[in-house]
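Below is query00.cif, which holds mmCIF, C-alpha atoms.
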```cif
data_structure
loop_
_atom_site.label_atom_id
_atom_site.label_comp_id
_atom_site.auth_asym_id
_atom_site.auth_seq_id
_atom_site.Cartn_x
_atom_site.Cartn_y
_atom_site.Cartn_z
CA MET F 1366 -51.25 65.01 9.82
CA ALA F 1367 -53.71 63.23 7.51
CA VAL F 1368 -55.91 65.59 5.47
CA VAL F 1369 -59.02 64.26 3.72
CA THR F 1370 -60.69 66.66 1.28
CA ILE F 1371 -64.27 66.06 0.23
CA LYS F 1372 -65.61 68.08 -2.70
CA SER F 1373 -69.34 67.68 -2.95
CA PRO F 1374 -72.59 69.57 -3.38
CA ASN F 1375 -73.91 71.42 -0.37
CA LEU F 1376 -74.12 69.22 2.69
CA SER F 1377 -75.87 70.05 5.94
CA SER F 1378 -73.91 70.29 9.19
CA ASP F 1379 -75.39 66.96 10.30
CA GLN F 1380 -74.31 65.23 7.11
CA LYS F 1381 -70.78 66.64 7.41
CA SER F 1382 -70.55 65.52 11.03
CA ARG F 1383 -71.68 61.96 10.18
CA ILE F 1384 -69.33 61.68 7.19
CA GLY F 1385 -66.40 63.19 9.11
CA GLU F 1386 -66.95 60.85 12.06
CA ARG F 1387 -67.03 57.80 9.76
CA ILE F 1388 -63.83 58.81 7.95
CA ILE F 1389 -61.95 59.52 11.18
CA THR F 1390 -63.14 56.22 12.67
CA ALA F 1391 -62.02 54.33 9.56
CA LEU F 1392 -58.59 55.97 9.68
CA GLN F 1393 -58.31 55.25 13.43
CA ASN F 1394 -58.98 51.58 12.66
CA GLU F 1395 -56.01 51.75 10.27
CA GLY F 1396 -53.73 53.08 13.02
CA LEU F 1397 -53.87 56.86 12.67
CA ALA F 1398 -54.32 58.93 15.84
CA PRO F 1399 -57.69 60.78 16.00
CA GLY F 1400 -56.04 64.17 16.59
CA SER F 1401 -53.92 63.81 13.45
CA VAL F 1402 -56.84 63.55 10.99
CA VAL F 1403 -58.60 66.53 9.40
CA VAL F 1404 -61.62 66.15 7.11
CA PHE F 1405 -62.00 69.18 4.85
CA PHE F 1406 -65.32 69.77 3.00
CA GLN F 1407 -65.28 71.89 -0.13
CA ALA F 1408 -68.27 73.18 -2.03
CA GLU F 1409 -69.19 76.86 -2.21
CA ARG F 1410 -67.90 77.17 1.35
CA GLY F 1411 -64.99 75.39 3.00
CA ASP F 1412 -65.96 73.59 6.20
CA MET F 1413 -63.75 71.31 8.28
CA TYR F 1414 -64.49 68.44 10.66
CA LEU F 1415 -61.78 68.15 13.32
CA ASP F 1416 -62.20 65.18 15.66
CA GLY F 1417 -65.73 65.85 16.92
CA LEU F 1418 -65.81 69.57 16.10
CA LEU F 1419 -67.33 71.00 12.94
CA VAL F 1420 -65.72 74.29 11.95
CA GLU F 1421 -67.85 76.12 9.39
CA ALA F 1422 -66.22 78.77 7.22
CA GLN F 1423 -68.95 81.37 7.85
CA SER F 1424 -68.93 80.97 11.63
CA ALA F 1425 -65.12 81.02 11.86
CA PRO F 1426 -63.75 83.06 8.92
CA ALA F 1427 -60.37 83.56 10.62
CA ALA F 1428 -59.59 79.80 10.61
CA PRO F 1429 -57.51 79.10 7.49
CA SER F 1430 -57.73 75.78 5.72
CA PRO F 1431 -54.89 73.43 6.71
CA GLN F 1432 -53.66 72.82 3.18
CA ALA F 1433 -54.33 76.13 1.42
CA PRO F 1434 -51.54 78.70 1.28
CA ALA F 1435 -52.37 82.18 2.59
CA PRO F 1436 -52.39 84.05 -0.78
CA LYS F 1437 -54.80 81.56 -2.38
CA ALA F 1438 -57.18 81.57 0.58
CA SER F 1439 -57.34 85.37 0.70
CA ALA F 1440 -58.21 85.84 -2.99
CA PRO F 1441 -61.56 83.96 -3.17
CA ALA F 1442 -62.68 84.97 0.32
CA PRO F 1443 -64.23 88.36 -0.62
CA ALA F 1444 -66.35 86.79 -3.36
CA ALA F 1445 -67.61 84.07 -1.03
CA GLU F 1446 -68.31 86.54 1.77
CA SER F 1447 -70.14 88.96 -0.52
CA ALA F 1448 -72.47 86.25 -1.85
CA PRO F 1449 -75.72 86.05 0.09
CA ALA F 1450 -76.14 82.83 2.04
CA PHE F 1451 -79.30 81.84 0.15
CA LYS F 1452 -77.29 81.33 -3.05
CA THR F 1453 -75.34 78.41 -1.62
CA LYS F 1454 -78.18 76.63 0.18
CA ALA F 1455 -80.03 73.68 -1.30
CA ARG F 1456 -83.38 75.24 -0.28
CA ARG F 1457 -84.34 78.82 0.41
CA SER F 1458 -86.61 79.95 3.24
CA LYS F 1459 -89.78 81.98 2.66
CA PRO F 1460 -88.18 85.27 3.80
CA GLU F 1461 -85.24 84.64 1.45
CA LEU F 1462 -87.65 83.96 -1.43
CA GLU F 1463 -89.56 87.15 -0.59
CA ASP F 1464 -86.31 89.13 -0.66
CA LEU F 1465 -85.44 87.56 -3.99
CA LYS F 1466 -88.90 88.44 -5.31
CA LYS F 1467 -88.40 92.08 -4.23
CA LEU F 1468 -85.02 92.17 -5.99
CA LEU F 1469 -86.61 90.70 -9.11
CA SER F 1470 -89.39 93.32 -8.99
CA GLN F 1471 -86.82 96.09 -8.63
CA ALA F 1472 -84.84 94.75 -11.60
CA LEU F 1473 -88.01 94.58 -13.69
CA GLN F 1474 -88.97 98.13 -12.71
CA ALA F 1475 -85.51 99.42 -13.59
CA LYS F 1476 -85.24 97.66 -16.96
CA GLY F 1477 -88.91 97.54 -17.96
CA SER F 1478 -88.70 93.94 -19.20
CA LEU F 1479 -86.45 90.92 -18.64
CA SER F 1480 -85.95 87.42 -19.92
CA SER F 1481 -85.15 84.66 -17.44
CA PHE F 1482 -81.50 84.78 -18.51
CA GLU F 1483 -81.32 88.55 -18.01
CA ALA F 1484 -82.97 88.19 -14.60
CA GLN F 1485 -80.36 85.61 -13.57
CA GLU F 1486 -77.61 88.04 -14.60
CA ALA F 1487 -79.25 91.03 -12.92
CA LEU F 1488 -79.65 89.13 -9.64
CA GLY F 1489 -76.22 87.48 -9.80
CA LEU F 1490 -77.63 83.95 -10.03
CA LYS F 1491 -75.86 82.71 -13.20
CA GLU F 1492 -73.93 80.05 -11.26
CA CYS F 1493 -76.95 78.79 -9.28
CA ASP F 1494 -78.49 75.58 -10.64
CA TRP F 1495 -81.75 76.28 -8.81
CA ALA F 1496 -82.20 79.77 -10.31
CA PRO F 1497 -84.23 79.01 -13.49
CA ALA F 1498 -86.96 77.03 -11.69
CA THR F 1499 -87.14 79.49 -8.79
CA LEU F 1500 -87.31 82.49 -11.11
CA ARG F 1501 -90.08 80.85 -13.15
CA ARG F 1502 -92.06 80.40 -9.94
CA LEU F 1503 -91.45 84.03 -8.90
CA PHE F 1504 -92.37 85.29 -12.38
CA THR F 1505 -95.60 83.27 -12.16
CA GLU F 1506 -96.43 84.80 -8.77
CA LEU F 1507 -95.78 88.32 -10.09
CA GLU F 1508 -97.91 87.57 -13.15
CA ALA F 1509 -100.76 86.27 -10.95
CA SER F 1510 -100.63 89.50 -8.92
CA GLU F 1511 -100.83 91.38 -12.26
CA GLN F 1512 -97.59 93.27 -11.67
CA ILE F 1513 -96.00 91.85 -14.83
CA GLY F 1514 -97.10 90.63 -18.23
CA LYS F 1515 -95.64 87.72 -20.16
CA SER F 1516 -94.95 87.59 -23.89
CA GLY F 1517 -93.27 84.99 -26.07
CA GLN F 1518 -92.61 81.30 -25.55
CA LYS F 1519 -89.79 79.10 -24.30
CA ARG F 1520 -86.41 80.85 -24.63
CA GLY F 1521 -88.07 83.91 -26.18
CA THR F 1522 -90.25 84.59 -23.12
CA ARG F 1523 -90.04 88.14 -21.79
CA TYR F 1524 -91.58 89.46 -18.62
CA VAL F 1525 -92.75 93.08 -18.83
CA TRP F 1526 -93.29 95.27 -15.76
CA LYS F 1527 -96.78 96.73 -15.71
CA GLY F 1528 -97.14 97.44 -11.99
CA VAL F 1529 -96.71 100.76 -10.28
CA PRO F 1530 -93.41 102.24 -11.42
CA SER F 1531 -90.65 102.84 -8.93
CA PRO F 1532 -90.28 106.40 -7.58
CA GLN F 1533 -86.85 106.74 -9.24
CA SER F 1534 -88.23 106.02 -12.73
CA VAL F 1535 -91.07 108.56 -12.52
CA PRO F 1536 -89.91 112.11 -13.21
CA GLN F 1537 -90.78 114.58 -10.50
CA ALA F 1538 -93.50 117.04 -11.44
CA LYS F 1539 -92.34 120.60 -11.33
CA LEU F 1540 -94.91 123.00 -9.96
CA VAL F 1541 -94.85 126.43 -11.50
CA LYS F 1542 -96.93 129.25 -10.10
CA ALA F 1543 -98.84 131.04 -12.79
CA GLU F 1544 -98.30 134.73 -12.84
CA SER F 1545 -101.46 136.65 -12.27
CA GLU F 1546 -102.36 139.74 -14.24
CA GLU F 1547 -103.13 141.60 -11.05
CA ALA F 1548 -100.17 143.82 -10.63
#
```
Now, as a test, write the supplied structure out as structure tokens.
Amino acid sequence: MAVVTIKSPNLSSDQKSRIGERIITALQNEGLAPGSVVVFFQAERGDMYLDGLLVEAQSAPAAPSPQAPAPKASAPAPAAESAPAFKTKARRSKPELEDLKKLLSQALQAKGSLSSFEAQEALGLKECDWAPATLRRLFTELEASEQIGKSGQKRGTRYVWKGVPSPQSVPQAKLVKAESEEA
């Protein structure tokens, strides 16, 4: 069996299908049987193109990679499965950005203030290349809605929560009935 591994940035399903088809066709022209060629894509997820069929890791988690031994494949799987899908995509949808904005607001409420670096850590986005630009845009939106304030410049910029505090951070008022002198 011929195994071709492609390590690249995130590719769409259409791109993987086109690339896989071209590689299999090229190898067929060199005398390899089409059923004996596997094209394996590696990025944040491991997808495979098998003679006209694209097998994506998320849609078929039980399908092991053809070249990876069982212990290696089982170790990174929980981390990849626990990561939200929006972290690995080239572009995020509006609902995903809204969810990210809510998480950012919650982190700001909990901590009181954050830098961009701290926000990346709090949201688990340290490994995402797109995170700094997206967080700047979300911080700008929160600042425009007057939920946060901004102080400092460049790497010293801090974003301070000034919106309505979260219910967890506000201590509950304890009502005490005053004793009357009528006894």
d(CA of Arg1501 (chain F), CA of Leu1376 (chain F)) in Å: 25.3 Å
Picked residues, the PyMOL selection byres ((chain F and resi 1485-1500) around 9), expected as a ChimeraX atom specification: /F:1448,1452-1453,1455-1456,1462,1465-1466,1468-1469,1472,1480-1484,1501-1505
Point-to-point distance from CA of Ala1509 (chain F) to CA of Gln1474 (chain F), Å rounded to tenths: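 Between CA of Ala1509 (chain F) and CA of Gln1474 (chain F) the gap works out to 16.8 Å.
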Computed interatomic separation between CA of Glu1386 (chain F) and CA of Lys1372 (chain F) (Å):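 Result for CA of Glu1386 (chain F) versus CA of Lys1372 (chain F): 16.5 Å, one decimal.
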Pick from F:Leu1479, F:Val1541, F:Val1404, F:Val1525 nearest to Met1366 (chain F), counting all atoms listed in the file: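 Under the stated criterion, the closest residue is F:Val1404.
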Shortest interatomic distance to Ser1382 (chain F) - which of F:Gly1400, F:Ser1545, F:Phe1405, F:Gln1512, counting all atoms listed in the file: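 Counting all atoms listed in the file, the residue closest to Ser1382 (chain F) is F:Phe1405.
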Matched chain/residue IDs from the PyMOL selection byres ((chain F and resi 1514) around 7), as a ChimeraX atom specification: /F:1508,1513,1515-1516,1524-1527
Nearest residue to Lys1454 (chain F) from the set F:Asn1375, F:Gln1518, F:Lys1539, F:Thr1370 (distances using all atoms listed in the file):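 Among the listed residues, F:Asn1375 lies closest to Lys1454 (chain F).
Using all atoms listed in the file for every distance, the candidate list F:Ala1475, F:Lys1467, F:Phe1406, F:Glu1506 yields F:Phe1406 as the residue closest to Ser1377 (chain F).
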